[in-house]
Amino acid sequence: MNMKIMSKVSPAAVRIVIVSLLAIILLSFTIDHVRPLSSIRSGTALISSDPSQDTHNATLGFGEIVYLSMPRRSDRQDSMSLLASWAGIKLNLIPGVDGFTIDKEAKPDNTPDIIGGSVLGCWRAHANAWRHMLEADYDTLLILEDDIDFDVNIKTVMERFSKQLRNNPLRLTPYTDHEIRTAPYALDWDMLFVGQCIDGINPHRPDIAHVYEDDTVPPVDMIKSDFVRLLAQVGLQEDEIAGKRSITPTWKPTCTMGYAITKRGAQRMLLHMSYLGLNHPVDIEIAEHTQLGELFGYNLTPPPFSAWRVGGKKDSDNKANQDPNEPMSTAGNRNGDSLNIRVSARKAMVHDLTFDTWEAYEKKWPVAQRKAESKAKGLNLDFKPRPDLEWKDDEEDKEDKEDD
Ligand SMILES: *[C@@H]1O[C@H](CO)[C@@H](O)[C@H](O)[C@H]1NC(C)=O
């Protein structure tokens, strides 16, 4: 049958069919390749990027990072600039506020008299950060205090957190296009607690928790007991806690060493903790509004930002609570410590930045070898033993003192 039909079709007709088929194939091929090119030129689509990777940038994937520090604590500002620059992070200072300088008229409506001094100053510094957020042109702001430490792999810690928030089983709302395209931490929250010192979950809803693997979390004996307790409450056995973090809706965060806010978060905070009043210290106030359902966020436990502690007076900025006989610092930065962190950035920084030039010379040109060489060359060099490197009160110092 087929053969018969074929034999009836003229060779000219076959040629026409083949040529038109080729033309159609060629045309569709060209169209397919023209469309993408034009969209590259117009600068849209096609350039696919994963916002989670932005957590490796200088602001850890946030619009900006600020830190709060009392102007008189230049020691802490030095540490923060040093640590940030070493870790490849960009920080901007928001000066802390002395609560005693705040006018009575500037206190929120009906603020009780016990909210004064350093409690009021602390609130004001945070409120200034919220205001800064509203005046700025980005989606998120990370607010840190000036005595923090974090893991050397902080960027990886934040990337893992970002991936969880971009596939978040605890979400109440669908992802928006804007979040999918640009938001490393998504944007369905008012605040993200990443530096609380005590934690808590809603006791009625221990089921609303999401646990994920993160091998930067240290062994359980290096984690503060409050966080161990929370991880147990969401169902982890003690031997499962190392290497895991949990995301839970914020309930009772204490301390404000590290938290991020969105624009809506900044608006709600200024509304509830300035425009409408202020009843408690700022972290307790945040917890209260969260429990009332007026503020919403997530807590990361254990938190990646932790307090660096050196012992003594230097650990607190609350002069009112200080014992005048307390020593300035017991351990000092050289022996300070931080909990919940596997490899402390502050410790690693000291190790990395300290260098002994003379030891390097000794490695490259050992004294014994150089002595022999110089002797062979007929030189008579006077090599002294190494302990003289320790600086003592030498002759010049004594002369200076006599001159005074
Ligand atoms: C880091 O990434 C975030 C999110 O994409 C962005 O808003 C921010 O500007 C970036 N920071 C820097 C320093 O490029």
# chains A, B, ... in the order shown; residues from 1 in each chain; ligands from 1
>>> closest_atom_pairs(of="stretch 61-150 of chain A", to="stretch 261-281 of chain A", cutoff="9 Å", atoms="only C-alpha atoms", output="tab-separated table")
residue	atom	partner	partner_atom	distance
A:Lys107	CA	A:Ser274	CA	7.8
A:Pro108	CA	A:Gly277	CA	4.7
A:Asp109	CA	A:Gly277	CA	4.8
A:Asn110	CA	A:Gly277	CA	6.2
A:Thr111	CA	A:Leu278	CA	5.2
A:Pro112	CA	A:Asn279	CA	6.4
A:Ile114	CA	A:His280	CA	8.8
A:Ile115	CA	A:His280	CA	6.7
A:Val119	CA	A:Pro281	CA	5.8
A:Leu120	CA	A:Pro281	CA	7.5
A:Cys122	CA	A:Pro281	CA	8.0
A:Trp123	CA	A:Pro281	CA	6.9
A:Ala127	CA	A:Leu270	CA	6.7
A:Ala129	CA	A:Ala266	CA	8.5
A:Trp130	CA	A:Ala266	CA	4.8
A:Arg131	CA	A:Ala266	CA	7.1
A:His132	CA	A:Ala266	CA	9.0
A:Met133	CA	A:Lys263	CA	6.5
A:Leu134	CA	A:Lys263	CA	6.1
A:Tyr138	CA	A:Lys263	CA	8.1
A:Asp139	CA	A:Thr262	CA	5.7
A:Thr140	CA	A:Thr262	CA	4.6
A:Leu141	CA	A:Ile261	CA	5.5
A:Leu142	CA	A:Ile261	CA	6.5
A:Ile143	CA	A:Ile261	CA	7.9
>>> select_by_dssp(residues="stretch 37-140 of chain A", states="strand (DSSP E)", output="ChimeraX atom specification")
/A:64-69,92-95,140
>>> write_last_selection(atoms="C-alpha atoms", output="PDB file, in the first residue's frame")
ATOM      1  CA  GLU A  64      22.971  45.757  57.048  1.00  0.00           C
ATOM      2  CA  ILE A  65      24.514  44.784  60.380  1.00  0.00           C
ATOM      3  CA  VAL A  66      24.658  47.334  63.189  1.00  0.00           C
ATOM      4  CA  TYR A  67      26.013  46.969  66.684  1.00  0.00           C
ATOM      5  CA  LEU A  68      25.088  48.912  69.784  1.00  0.00           C
ATOM      6  CA  SER A  69      27.858  50.143  72.039  1.00  0.00           C
ATOM      7  CA  ASN A  92      28.079  49.964  61.570  1.00  0.00           C
ATOM      8  CA  LEU A  93      27.984  51.430  65.069  1.00  0.00           C
ATOM      9  CA  ILE A  94      24.783  52.718  66.646  1.00  0.00           C
ATOM     10  CA  PRO A  95      25.906  54.527  69.818  1.00  0.00           C
ATOM     11  CA  THR A 140      16.305  43.180  56.992  1.00  0.00           C
TER      12      THR A 140
END
>>> residues_near_ligand(ligand="ligand 1", cutoff="12 Å", atoms="only C-alpha atoms and all ligand atoms", output="PyMOL selection string")
chain A and resi 49-65+88-92+136-142+155+158-159+162+178-187+262
>>> write_last_selection(atoms="N, CA and C atoms", output="compact mmCIF listing (two decimals), in the first residue's frame")
# COMPACT_ATOMS: atom_id res chain seq x y z
N SER A 49 19.84 32.98 40.64
CA SER A 49 20.77 33.01 41.76
C SER A 49 20.06 32.43 42.97
N ASP A 50 20.85 31.89 43.90
CA ASP A 50 20.29 31.31 45.10
C ASP A 50 20.54 32.29 46.24
N PRO A 51 19.49 32.96 46.74
CA PRO A 51 19.70 33.95 47.80
C PRO A 51 20.41 33.38 49.03
N SER A 52 20.34 32.06 49.26
CA SER A 52 21.04 31.49 50.42
C SER A 52 22.54 31.76 50.36
N GLN A 53 23.06 31.88 49.14
CA GLN A 53 24.50 32.16 49.00
C GLN A 53 24.87 33.54 49.51
N ASP A 54 23.89 34.45 49.55
CA ASP A 54 24.17 35.81 50.03
C ASP A 54 24.57 35.83 51.50
N THR A 55 24.29 34.74 52.23
CA THR A 55 24.70 34.69 53.64
C THR A 55 26.22 34.74 53.78
N HIS A 56 26.92 34.50 52.65
CA HIS A 56 28.40 34.55 52.70
C HIS A 56 28.91 35.96 52.42
N ASN A 57 28.01 36.92 52.21
CA ASN A 57 28.52 38.27 51.94
C ASN A 57 28.85 39.01 53.24
N ALA A 58 29.30 40.26 53.11
CA ALA A 58 29.83 40.99 54.27
C ALA A 58 28.76 41.36 55.29
N THR A 59 27.49 41.24 54.93
CA THR A 59 26.44 41.52 55.92
C THR A 59 25.64 40.26 56.20
N LEU A 60 26.26 39.10 55.95
CA LEU A 60 25.67 37.78 56.25
C LEU A 60 24.29 37.60 55.61
N GLY A 61 24.06 38.28 54.49
CA GLY A 61 22.77 38.13 53.81
C GLY A 61 21.69 39.05 54.35
N PHE A 62 22.02 39.87 55.35
CA PHE A 62 21.07 40.88 55.83
C PHE A 62 21.34 42.17 55.06
N GLY A 63 20.39 43.11 55.11
CA GLY A 63 20.59 44.38 54.42
C GLY A 63 21.77 45.15 55.02
N GLU A 64 21.89 45.06 56.34
CA GLU A 64 22.97 45.76 57.05
C GLU A 64 23.14 45.09 58.41
N ILE A 65 24.32 45.22 58.99
CA ILE A 65 24.51 44.78 60.38
C ILE A 65 24.95 46.01 61.19
N GLY A 88 35.57 39.12 57.92
CA GLY A 88 35.00 39.51 56.63
C GLY A 88 33.56 39.99 56.76
N ILE A 89 33.29 40.73 57.83
CA ILE A 89 31.94 41.21 58.10
C ILE A 89 31.99 42.73 58.21
N LYS A 90 30.93 43.38 57.73
CA LYS A 90 30.88 44.85 57.79
C LYS A 90 29.85 45.25 58.84
N LEU A 91 30.30 46.07 59.81
CA LEU A 91 29.42 46.49 60.91
C LEU A 91 29.33 48.01 60.94
N ASN A 92 28.19 48.53 61.31
CA ASN A 92 28.08 49.96 61.57
C ASN A 92 27.65 50.17 63.01
N ALA A 136 15.96 53.13 56.40
CA ALA A 136 16.88 52.53 55.45
C ALA A 136 16.11 51.83 54.32
N ASP A 137 16.85 51.52 53.27
CA ASP A 137 16.19 50.99 52.09
C ASP A 137 16.49 49.50 51.88
N TYR A 138 16.29 48.68 52.90
CA TYR A 138 16.48 47.25 52.70
C TYR A 138 15.46 46.46 53.51
N ASP A 139 15.45 45.14 53.29
CA ASP A 139 14.40 44.31 53.90
C ASP A 139 14.69 43.91 55.34
N THR A 140 15.97 43.72 55.67
CA THR A 140 16.30 43.18 56.99
C THR A 140 17.50 43.91 57.60
N LEU A 141 17.55 43.91 58.92
CA LEU A 141 18.67 44.51 59.65
C LEU A 141 19.04 43.56 60.77
N LEU A 142 20.33 43.26 60.93
CA LEU A 142 20.79 42.45 62.06
C LEU A 142 21.36 43.40 63.12
N LYS A 155 29.41 32.08 58.53
CA LYS A 155 28.72 32.24 57.24
C LYS A 155 28.03 30.95 56.82
N MET A 158 24.94 30.51 58.99
CA MET A 158 23.82 31.34 58.52
C MET A 158 23.26 30.81 57.20
N GLU A 159 24.11 30.23 56.36
CA GLU A 159 23.61 29.65 55.10
C GLU A 159 22.66 28.48 55.39
N SER A 162 19.45 29.85 56.63
CA SER A 162 18.74 30.43 55.48
C SER A 162 18.00 29.34 54.69
N HIS A 178 8.81 37.92 45.79
CA HIS A 178 9.93 38.73 46.27
C HIS A 178 10.83 37.92 47.21
N GLU A 179 10.22 37.14 48.10
CA GLU A 179 11.02 36.30 49.01
C GLU A 179 11.82 35.27 48.23
N ILE A 180 11.13 34.62 47.28
CA ILE A 180 11.80 33.55 46.53
C ILE A 180 12.99 34.11 45.77
N ARG A 181 12.83 35.29 45.19
CA ARG A 181 13.91 35.86 44.38
C ARG A 181 15.04 36.43 45.22
N THR A 182 14.70 37.09 46.36
CA THR A 182 15.75 37.90 46.98
C THR A 182 16.00 37.70 48.47
N ALA A 183 15.19 36.93 49.19
CA ALA A 183 15.33 36.96 50.65
C ALA A 183 16.00 35.71 51.22
N PRO A 184 17.27 35.81 51.63
CA PRO A 184 17.96 34.63 52.16
C PRO A 184 17.24 34.01 53.37
N TYR A 185 16.62 34.83 54.19
CA TYR A 185 15.99 34.30 55.40
C TYR A 185 14.47 34.32 55.29
N ALA A 186 13.95 34.45 54.06
CA ALA A 186 12.52 34.68 53.86
C ALA A 186 12.12 35.93 54.65
N LEU A 187 10.85 36.30 54.64
CA LEU A 187 10.47 37.57 55.28
C LEU A 187 9.14 37.46 56.01
N THR A 262 12.68 42.75 60.38
CA THR A 262 12.21 43.19 59.06
C THR A 262 11.63 44.59 59.26
>>> atom_distance(atom1="atom CA of A:Gln196", atom2="atom CA of A:Pro249")
13.4 Å
>>> residues_around(residues="A:Val343", least_positions_apart="2", cutoff="10 Å", atoms="only C-alpha atoms", output="list of chain:residue names")
A:Asp149, A:Phe150, A:Asp151, A:Val152, A:Asn153, A:Ile154, A:Thr216, A:Val217, A:Pro218, A:Ser338, A:Asn340, A:Ile341, A:Ala345, A:Arg346, A:Lys347, A:Ala348
>>> atom_distance(atom1="atom CA of A:Arg72", atom2="atom CA of A:Arg334")
21.7 Å
>>> atom_distance(atom1="atom CA of A:Thr101", atom2="atom CA of A:Asp75")
22.5 Å
>>> residues_around(residues="A:Ala287", least_positions_apart="5", cutoff="9 Å", atoms="only C-alpha atoms", output="MDAnalysis selection string")
chainID A and resid 250:254 282 292 295
>>> write_last_selection(atoms="N, CA and C atoms", output="PDB file, in the first residue's frame")
ATOM      1  N   THR A 250       9.212  32.411  68.275  1.00  0.00           N
ATOM      2  CA  THR A 250       9.691  33.130  69.451  1.00  0.00           C
ATOM      3  C   THR A 250       8.615  33.139  70.532  1.00  0.00           C
ATOM      4  N   TRP A 251       9.053  32.907  71.778  1.00  0.00           N
ATOM      5  CA  TRP A 251       8.116  32.920  72.893  1.00  0.00           C
ATOM      6  C   TRP A 251       8.675  33.770  74.039  1.00  0.00           C
ATOM      7  N   LYS A 252       9.863  33.377  74.536  1.00  0.00           N
ATOM      8  CA  LYS A 252      10.387  34.064  75.701  1.00  0.00           C
ATOM      9  C   LYS A 252      11.893  34.284  75.569  1.00  0.00           C
ATOM     10  N   PRO A 253      12.311  35.114  74.618  1.00  0.00           N
ATOM     11  CA  PRO A 253      13.756  35.325  74.492  1.00  0.00           C
ATOM     12  C   PRO A 253      14.214  36.304  75.562  1.00  0.00           C
ATOM     13  N   THR A 254      15.360  36.048  76.177  1.00  0.00           N
ATOM     14  CA  THR A 254      15.934  37.011  77.115  1.00  0.00           C
ATOM     15  C   THR A 254      17.285  37.411  76.544  1.00  0.00           C
ATOM     16  N   VAL A 282      13.539  46.132  77.651  1.00  0.00           N
ATOM     17  CA  VAL A 282      13.168  45.870  76.260  1.00  0.00           C
ATOM     18  C   VAL A 282      13.007  44.380  75.930  1.00  0.00           C
ATOM     19  N   LEU A 292       1.573  37.692  73.529  1.00  0.00           N
ATOM     20  CA  LEU A 292       0.233  38.190  73.220  1.00  0.00           C
ATOM     21  C   LEU A 292      -0.100  38.031  71.731  1.00  0.00           C
ATOM     22  N   LEU A 295       3.741  40.358  68.206  1.00  0.00           N
ATOM     23  CA  LEU A 295       5.024  40.336  67.505  1.00  0.00           C
ATOM     24  C   LEU A 295       5.268  38.880  67.151  1.00  0.00           C
TER      25      LEU A 295
END
>>> select_by_dssp(residues="stretch 253-312 of chain A", states="alpha helix (DSSP H)", output="mmCIF file with N, CA and C atoms, in the first residue's frame")
data_model
loop_
_atom_site.group_PDB
_atom_site.id
_atom_site.type_symbol
_atom_site.label_atom_id
_atom_site.label_comp_id
_atom_site.auth_asym_id
_atom_site.auth_seq_id
_atom_site.Cartn_x
_atom_site.Cartn_y
_atom_site.Cartn_z
ATOM 1 N N LYS A 263 11.226 45.195 58.148
ATOM 2 C CA LYS A 263 10.593 46.524 58.267
ATOM 3 C C LYS A 263 9.339 46.430 59.123
ATOM 4 N N ARG A 264 8.526 45.392 58.874
ATOM 5 C CA ARG A 264 7.303 45.255 59.667
ATOM 6 C C ARG A 264 7.638 45.045 61.140
ATOM 7 N N GLY A 265 8.706 44.310 61.395
ATOM 8 C CA GLY A 265 9.157 44.106 62.775
ATOM 9 C C GLY A 265 9.522 45.431 63.424
ATOM 10 N N ALA A 266 10.279 46.261 62.701
ATOM 11 C CA ALA A 266 10.682 47.566 63.241
ATOM 12 C C ALA A 266 9.450 48.428 63.508
ATOM 13 N N GLN A 267 8.484 48.374 62.598
ATOM 14 C CA GLN A 267 7.253 49.156 62.795
ATOM 15 C C GLN A 267 6.520 48.698 64.043
ATOM 16 N N ARG A 268 6.365 47.377 64.176
ATOM 17 C CA ARG A 268 5.616 46.859 65.334
ATOM 18 C C ARG A 268 6.340 47.151 66.643
ATOM 19 N N MET A 269 7.660 47.068 66.613
ATOM 20 C CA MET A 269 8.412 47.344 67.845
ATOM 21 C C MET A 269 8.270 48.806 68.242
ATOM 22 N N LEU A 270 8.418 49.701 67.275
ATOM 23 C CA LEU A 270 8.269 51.128 67.609
ATOM 24 C C LEU A 270 6.841 51.440 68.060
ATOM 25 N N VAL A 282 13.539 46.132 77.651
ATOM 26 C CA VAL A 282 13.168 45.870 76.260
ATOM 27 C C VAL A 282 13.007 44.380 75.930
ATOM 28 N N ASP A 283 13.866 43.506 76.480
ATOM 29 C CA ASP A 283 13.735 42.083 76.103
ATOM 30 C C ASP A 283 12.468 41.467 76.720
ATOM 31 N N ILE A 284 12.152 41.874 77.948
ATOM 32 C CA ILE A 284 10.931 41.354 78.589
ATOM 33 C C ILE A 284 9.702 41.867 77.850
ATOM 34 N N GLU A 285 9.796 43.113 77.413
ATOM 35 C CA GLU A 285 8.701 43.707 76.650
ATOM 36 C C GLU A 285 8.499 42.962 75.310
ATOM 37 N N ILE A 286 9.598 42.616 74.658
ATOM 38 C CA ILE A 286 9.499 41.862 73.396
ATOM 39 C C ILE A 286 8.817 40.519 73.665
ATOM 40 N N ALA A 287 9.236 39.842 74.754
ATOM 41 C CA ALA A 287 8.639 38.544 75.091
ATOM 42 C C ALA A 287 7.146 38.709 75.355
ATOM 43 N N GLU A 288 6.790 39.778 76.070
ATOM 44 C CA GLU A 288 5.386 39.965 76.402
ATOM 45 C C GLU A 288 4.521 40.150 75.144
ATOM 46 N N HIS A 289 4.970 41.027 74.251
ATOM 47 C CA HIS A 289 4.185 41.260 73.020
ATOM 48 C C HIS A 289 4.158 40.012 72.131
ATOM 49 N N THR A 290 5.237 39.213 72.221
ATOM 50 C CA THR A 290 5.267 37.980 71.432
ATOM 51 C C THR A 290 4.239 36.991 71.964
ATOM 52 N N GLN A 291 4.161 36.889 73.299
ATOM 53 C CA GLN A 291 3.214 35.942 73.885
ATOM 54 C C GLN A 291 1.780 36.379 73.656
#
>>> closest_residue(among="A:Met70, A:Met191, A:Leu144, A:Ala360", to="A:Phe296", atoms="only C-alpha atoms")
A:Met191
